[in-house]
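Novice: This structure is in structure tokens; I'll ask about it shortly.
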Amino acid sequence: MSNTVKARGITVAKAKHYIACGGCGCPNCGSENVTGGSFDSDIGWERRLPTVVWQNVYCEDCDFEWQDVYTLTDVCDRDDKSFLVPD
Ligand SMILES: [Zn+2]
């Protein structure tokens with residue numbers, strides 16, 4: 001069952017599409033009329049776990065709420081945003 005509904009209505013397929021396109025629109029209705037809110041983080045370095053940041057996101061068109069999840073993947077110069085760690 002690859003399309004099992006999870007995360008309050010977001011299917012795994014919709015979540016994968018949302019991630020692959022860089023968060024291109026509401027994962028529920030596809031609208032680009034979304035607003036990013038506050039961030040929360042779990043700094044993992046003391047436990048040697050991935051550092052994770054969550055951002056609250058809200059769709060103005062369908063009232064859907066979700067969280068974008070970010071993990072620490074690289075470091076960069078403050079002025080040059082080039083990636084240092086290759087994929
Ligand atoms: Zn929506």
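Each chain in the structure tokens gets a letter, A, B, ..., in the order shown, and its residues are numbered from 1; ligands are numbered from 1 in order too.
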List as a PyMOL selection string the protein and nucleic acid residues lying within 9 Å of ligand 1, with only C-alpha atoms and all ligand atoms counted.
Specialist: chain A and resi 25-34+58-65
Novice: Those residues with C-alpha atoms, as a PDB file, in the first residue's frame please?
Specialist:
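Now in selection_16.pdb:
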```
ATOM      1  CA  GLY A  25       2.954  23.870  -3.134  1.00  0.00           C
ATOM      2  CA  CYS A  26       0.458  22.616  -0.604  1.00  0.00           C
ATOM      3  CA  PRO A  27       0.790  18.814  -0.395  1.00  0.00           C
ATOM      4  CA  ASN A  28      -2.968  18.602   0.101  1.00  0.00           C
ATOM      5  CA  CYS A  29      -4.349  20.762  -2.731  1.00  0.00           C
ATOM      6  CA  GLY A  30      -1.289  21.900  -4.721  1.00  0.00           C
ATOM      7  CA  SER A  31      -1.839  25.621  -4.119  1.00  0.00           C
ATOM      8  CA  GLU A  32       1.249  27.830  -3.995  1.00  0.00           C
ATOM      9  CA  ASN A  33      -0.560  30.178  -1.605  1.00  0.00           C
ATOM     10  CA  VAL A  34       1.210  28.837   1.472  1.00  0.00           C
ATOM     11  CA  TYR A  58      -0.136  26.681   6.358  1.00  0.00           C
ATOM     12  CA  CYS A  59      -2.150  26.635   3.122  1.00  0.00           C
ATOM     13  CA  GLU A  60      -4.246  29.777   2.740  1.00  0.00           C
ATOM     14  CA  ASP A  61      -6.539  28.086   0.209  1.00  0.00           C
ATOM     15  CA  CYS A  62      -7.539  24.814   1.889  1.00  0.00           C
ATOM     16  CA  ASP A  63      -6.600  25.557   5.537  1.00  0.00           C
ATOM     17  CA  PHE A  64      -4.278  22.577   5.588  1.00  0.00           C
ATOM     18  CA  GLU A  65      -1.462  22.682   8.135  1.00  0.00           C
TER      19      GLU A  65
END
```
Novice: Going by DSSP on the backbone, which residues of chain A come out as alpha helix (DSSP H)? List them as a PyMOL selection string.
Specialist: chain A and resi 12-20
Novice: Name the residues in contact with Asp40 in chain A at a cut-off of 9 Å, using only C-alpha atoms, excluding same-chain residues fewer than 2 positions from it; report them as an MDAnalysis selection string.
Specialist: chainID A and resid 38 42 52:56
Novice: Write the residues you've just listed into a file as an mmCIF file, in the first residue's frame, and include N, CA and C atoms for each of them.
Specialist:
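Resulting contents of selection-v3.cif:
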```cif
data_model
loop_
_atom_site.group_PDB
_atom_site.id
_atom_site.type_symbol
_atom_site.label_atom_id
_atom_site.label_comp_id
_atom_site.auth_asym_id
_atom_site.auth_seq_id
_atom_site.Cartn_x
_atom_site.Cartn_y
_atom_site.Cartn_z
ATOM 1 N N SER A 38 6.770 29.501 12.199
ATOM 2 C CA SER A 38 7.910 29.382 13.099
ATOM 3 C C SER A 38 8.637 28.051 12.917
ATOM 4 N N ASP A 42 15.592 20.186 16.895
ATOM 5 C CA ASP A 42 16.146 19.186 17.801
ATOM 6 C C ASP A 42 17.607 19.040 17.419
ATOM 7 N N VAL A 52 17.552 18.035 13.406
ATOM 8 C CA VAL A 52 16.324 18.178 12.627
ATOM 9 C C VAL A 52 15.664 19.511 12.966
ATOM 10 N N VAL A 53 15.145 20.175 11.948
ATOM 11 C CA VAL A 53 14.381 21.409 12.127
ATOM 12 C C VAL A 53 13.017 21.211 11.475
ATOM 13 N N TRP A 54 11.977 21.623 12.184
ATOM 14 C CA TRP A 54 10.610 21.556 11.674
ATOM 15 C C TRP A 54 10.092 22.980 11.476
ATOM 16 N N GLN A 55 9.413 23.193 10.363
ATOM 17 C CA GLN A 55 8.770 24.491 10.147
ATOM 18 C C GLN A 55 7.272 24.298 9.956
ATOM 19 N N ASN A 56 6.497 25.049 10.700
ATOM 20 C CA ASN A 56 5.049 25.031 10.510
ATOM 21 C C ASN A 56 4.714 25.718 9.194
#
```
Novice: Tell me, in Å to one decimal, how far CA of Thr35 in chain A is from CA of Thr51 in chain A.
Specialist: 23.5 Å
Novice: Would you work out the distance separating CA of Cys21 in chain A from CA of Asp87 in chain A, expressed in Å to one decimal?
Specialist: 17.2 Å
Novice: Residues at most 9 Å from Val75 in chain A, counting only C-alpha atoms, excluding those fewer than 3 positions away in the same chain, as an MDAnalysis selection string?
Specialist: chainID A and resid 72 81:85
Novice: Just N, CA and C atoms for this one: save the residues we selected as a tab-separated table (two decimals), in the first residue's frame.
Specialist:
```tsv
chain	number	residue	atom	x	y	z
A	72	LEU	N	20.18	18.55	8.93
A	72	LEU	CA	21.48	19.16	8.67
A	72	LEU	C	22.23	18.32	7.64
A	81	LYS	N	27.15	30.44	-0.76
A	81	LYS	CA	26.23	29.35	-0.37
A	81	LYS	C	26.54	28.05	-1.11
A	82	SER	N	27.73	27.95	-1.72
A	82	SER	CA	28.09	26.73	-2.42
A	82	SER	C	28.11	25.55	-1.45
A	83	PHE	N	27.66	24.40	-1.94
A	83	PHE	CA	27.71	23.19	-1.14
A	83	PHE	C	29.15	22.72	-1.01
A	84	LEU	N	29.51	22.28	0.17
A	84	LEU	CA	30.85	21.74	0.40
A	84	LEU	C	30.86	20.23	0.35
A	85	VAL	N	29.80	19.62	0.89
A	85	VAL	CA	29.74	18.15	0.96
A	85	VAL	C	29.04	17.64	-0.30
```
Novice: Could you jot down the CA of Asp77 in chain A to CA of Lys16 in chain A separation for me, Å, one decimal place?
Specialist: 29.6 Å
Novice: Can you list every residue in chain A that DSSP puts in strand (DSSP E or B), as a list of chain:residue names?
Specialist: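 Restricting chain A to strand (DSSP E or B) produces A:Val5, A:Lys6, A:Ile10, A:Thr11, A:Val34, A:Thr35, A:Gly36, A:Gly37, A:Ser38, A:Phe39, A:Asp40, A:Ser41, A:Asp42, A:Val52, A:Val53, A:Trp54, A:Gln55, A:Asn56, A:Val57, A:Tyr58, A:Cys59, A:Glu65, A:Trp66, A:Gln67, A:Asp68, A:Val69, A:Tyr70, A:Thr71.
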Novice: Could you dump the residues just selected with N, CA and C atoms as a PDB file, in the first residue's frame?
Specialist:
```
ATOM      1  N   VAL A   5      -2.704   6.753   3.647  1.00  0.00           N
ATOM      2  CA  VAL A   5      -2.849   8.125   4.144  1.00  0.00           C
ATOM      3  C   VAL A   5      -2.150   8.247   5.486  1.00  0.00           C
ATOM      4  N   LYS A   6      -1.241   9.203   5.551  1.00  0.00           N
ATOM      5  CA  LYS A   6      -0.519   9.456   6.794  1.00  0.00           C
ATOM      6  C   LYS A   6      -0.397  10.952   6.974  1.00  0.00           C
ATOM      7  N   ILE A  10      -1.858  13.591   4.234  1.00  0.00           N
ATOM      8  CA  ILE A  10      -0.860  13.620   3.168  1.00  0.00           C
ATOM      9  C   ILE A  10      -0.462  12.184   2.859  1.00  0.00           C
ATOM     10  N   THR A  11      -0.632  11.761   1.604  1.00  0.00           N
ATOM     11  CA  THR A  11      -0.185  10.428   1.240  1.00  0.00           C
ATOM     12  C   THR A  11       1.332  10.437   1.086  1.00  0.00           C
ATOM     13  N   VAL A  34       0.893  29.405   0.162  1.00  0.00           N
ATOM     14  CA  VAL A  34       1.210  28.837   1.472  1.00  0.00           C
ATOM     15  C   VAL A  34       2.077  29.810   2.250  1.00  0.00           C
ATOM     16  N   THR A  35       1.979  29.715   3.578  1.00  0.00           N
ATOM     17  CA  THR A  35       2.716  30.607   4.452  1.00  0.00           C
ATOM     18  C   THR A  35       3.552  29.787   5.417  1.00  0.00           C
ATOM     19  N   GLY A  36       4.840  30.094   5.462  1.00  0.00           N
ATOM     20  CA  GLY A  36       5.730  29.429   6.399  1.00  0.00           C
ATOM     21  C   GLY A  36       5.714  30.147   7.739  1.00  0.00           C
ATOM     22  N   GLY A  37       5.704  29.368   8.811  1.00  0.00           N
ATOM     23  CA  GLY A  37       5.658  29.946  10.149  1.00  0.00           C
ATOM     24  C   GLY A  37       6.928  29.691  10.917  1.00  0.00           C
ATOM     25  N   SER A  38       6.770  29.501  12.199  1.00  0.00           N
ATOM     26  CA  SER A  38       7.910  29.382  13.099  1.00  0.00           C
ATOM     27  C   SER A  38       8.637  28.051  12.917  1.00  0.00           C
ATOM     28  N   PHE A  39       9.865  28.032  13.405  1.00  0.00           N
ATOM     29  CA  PHE A  39      10.712  26.853  13.338  1.00  0.00           C
ATOM     30  C   PHE A  39      10.895  26.258  14.732  1.00  0.00           C
ATOM     31  N   ASP A  40      11.066  24.964  14.772  1.00  0.00           N
ATOM     32  CA  ASP A  40      11.427  24.260  16.005  1.00  0.00           C
ATOM     33  C   ASP A  40      12.576  23.329  15.637  1.00  0.00           C
ATOM     34  N   SER A  41      13.466  23.083  16.581  1.00  0.00           N
ATOM     35  CA  SER A  41      14.620  22.262  16.234  1.00  0.00           C
ATOM     36  C   SER A  41      14.943  21.252  17.315  1.00  0.00           C
ATOM     37  N   ASP A  42      15.592  20.186  16.895  1.00  0.00           N
ATOM     38  CA  ASP A  42      16.146  19.186  17.801  1.00  0.00           C
ATOM     39  C   ASP A  42      17.607  19.040  17.419  1.00  0.00           C
ATOM     40  N   VAL A  52      17.552  18.035  13.406  1.00  0.00           N
ATOM     41  CA  VAL A  52      16.324  18.178  12.627  1.00  0.00           C
ATOM     42  C   VAL A  52      15.664  19.511  12.966  1.00  0.00           C
ATOM     43  N   VAL A  53      15.145  20.175  11.948  1.00  0.00           N
ATOM     44  CA  VAL A  53      14.381  21.409  12.127  1.00  0.00           C
ATOM     45  C   VAL A  53      13.017  21.211  11.475  1.00  0.00           C
ATOM     46  N   TRP A  54      11.977  21.623  12.184  1.00  0.00           N
ATOM     47  CA  TRP A  54      10.610  21.556  11.674  1.00  0.00           C
ATOM     48  C   TRP A  54      10.092  22.980  11.476  1.00  0.00           C
ATOM     49  N   GLN A  55       9.413  23.193  10.363  1.00  0.00           N
ATOM     50  CA  GLN A  55       8.770  24.491  10.147  1.00  0.00           C
ATOM     51  C   GLN A  55       7.272  24.298   9.956  1.00  0.00           C
ATOM     52  N   ASN A  56       6.497  25.049  10.700  1.00  0.00           N
ATOM     53  CA  ASN A  56       5.049  25.031  10.510  1.00  0.00           C
ATOM     54  C   ASN A  56       4.714  25.718   9.194  1.00  0.00           C
ATOM     55  N   VAL A  57       3.853  25.096   8.409  1.00  0.00           N
ATOM     56  CA  VAL A  57       3.442  25.664   7.128  1.00  0.00           C
ATOM     57  C   VAL A  57       1.919  25.572   7.038  1.00  0.00           C
ATOM     58  N   TYR A  58       1.316  26.577   6.416  1.00  0.00           N
ATOM     59  CA  TYR A  58      -0.136  26.681   6.358  1.00  0.00           C
ATOM     60  C   TYR A  58      -0.567  27.020   4.938  1.00  0.00           C
ATOM     61  N   CYS A  59      -1.594  26.341   4.444  1.00  0.00           N
ATOM     62  CA  CYS A  59      -2.150  26.635   3.122  1.00  0.00           C
ATOM     63  C   CYS A  59      -3.325  27.599   3.277  1.00  0.00           C
ATOM     64  N   GLU A  65      -2.673  22.357   7.383  1.00  0.00           N
ATOM     65  CA  GLU A  65      -1.462  22.682   8.135  1.00  0.00           C
ATOM     66  C   GLU A  65      -0.551  21.471   8.153  1.00  0.00           C
ATOM     67  N   TRP A  66       0.743  21.716   8.038  1.00  0.00           N
ATOM     68  CA  TRP A  66       1.706  20.621   8.112  1.00  0.00           C
ATOM     69  C   TRP A  66       3.033  21.188   8.571  1.00  0.00           C
ATOM     70  N   GLN A  67       4.024  20.333   8.683  1.00  0.00           N
ATOM     71  CA  GLN A  67       5.368  20.765   9.034  1.00  0.00           C
ATOM     72  C   GLN A  67       6.340  20.284   7.967  1.00  0.00           C
ATOM     73  N   ASP A  68       7.179  21.191   7.488  1.00  0.00           N
ATOM     74  CA  ASP A  68       8.310  20.800   6.659  1.00  0.00           C
ATOM     75  C   ASP A  68       9.412  20.328   7.596  1.00  0.00           C
ATOM     76  N   VAL A  69      10.133  19.291   7.204  1.00  0.00           N
ATOM     77  CA  VAL A  69      11.179  18.715   8.036  1.00  0.00           C
ATOM     78  C   VAL A  69      12.512  18.887   7.337  1.00  0.00           C
ATOM     79  N   TYR A  70      13.462  19.503   8.018  1.00  0.00           N
ATOM     80  CA  TYR A  70      14.799  19.733   7.464  1.00  0.00           C
ATOM     81  C   TYR A  70      15.825  19.010   8.328  1.00  0.00           C
ATOM     82  N   THR A  71      16.826  18.443   7.676  1.00  0.00           N
ATOM     83  CA  THR A  71      17.929  17.841   8.407  1.00  0.00           C
ATOM     84  C   THR A  71      19.232  18.524   8.001  1.00  0.00           C
TER      85      THR A  71
END
```
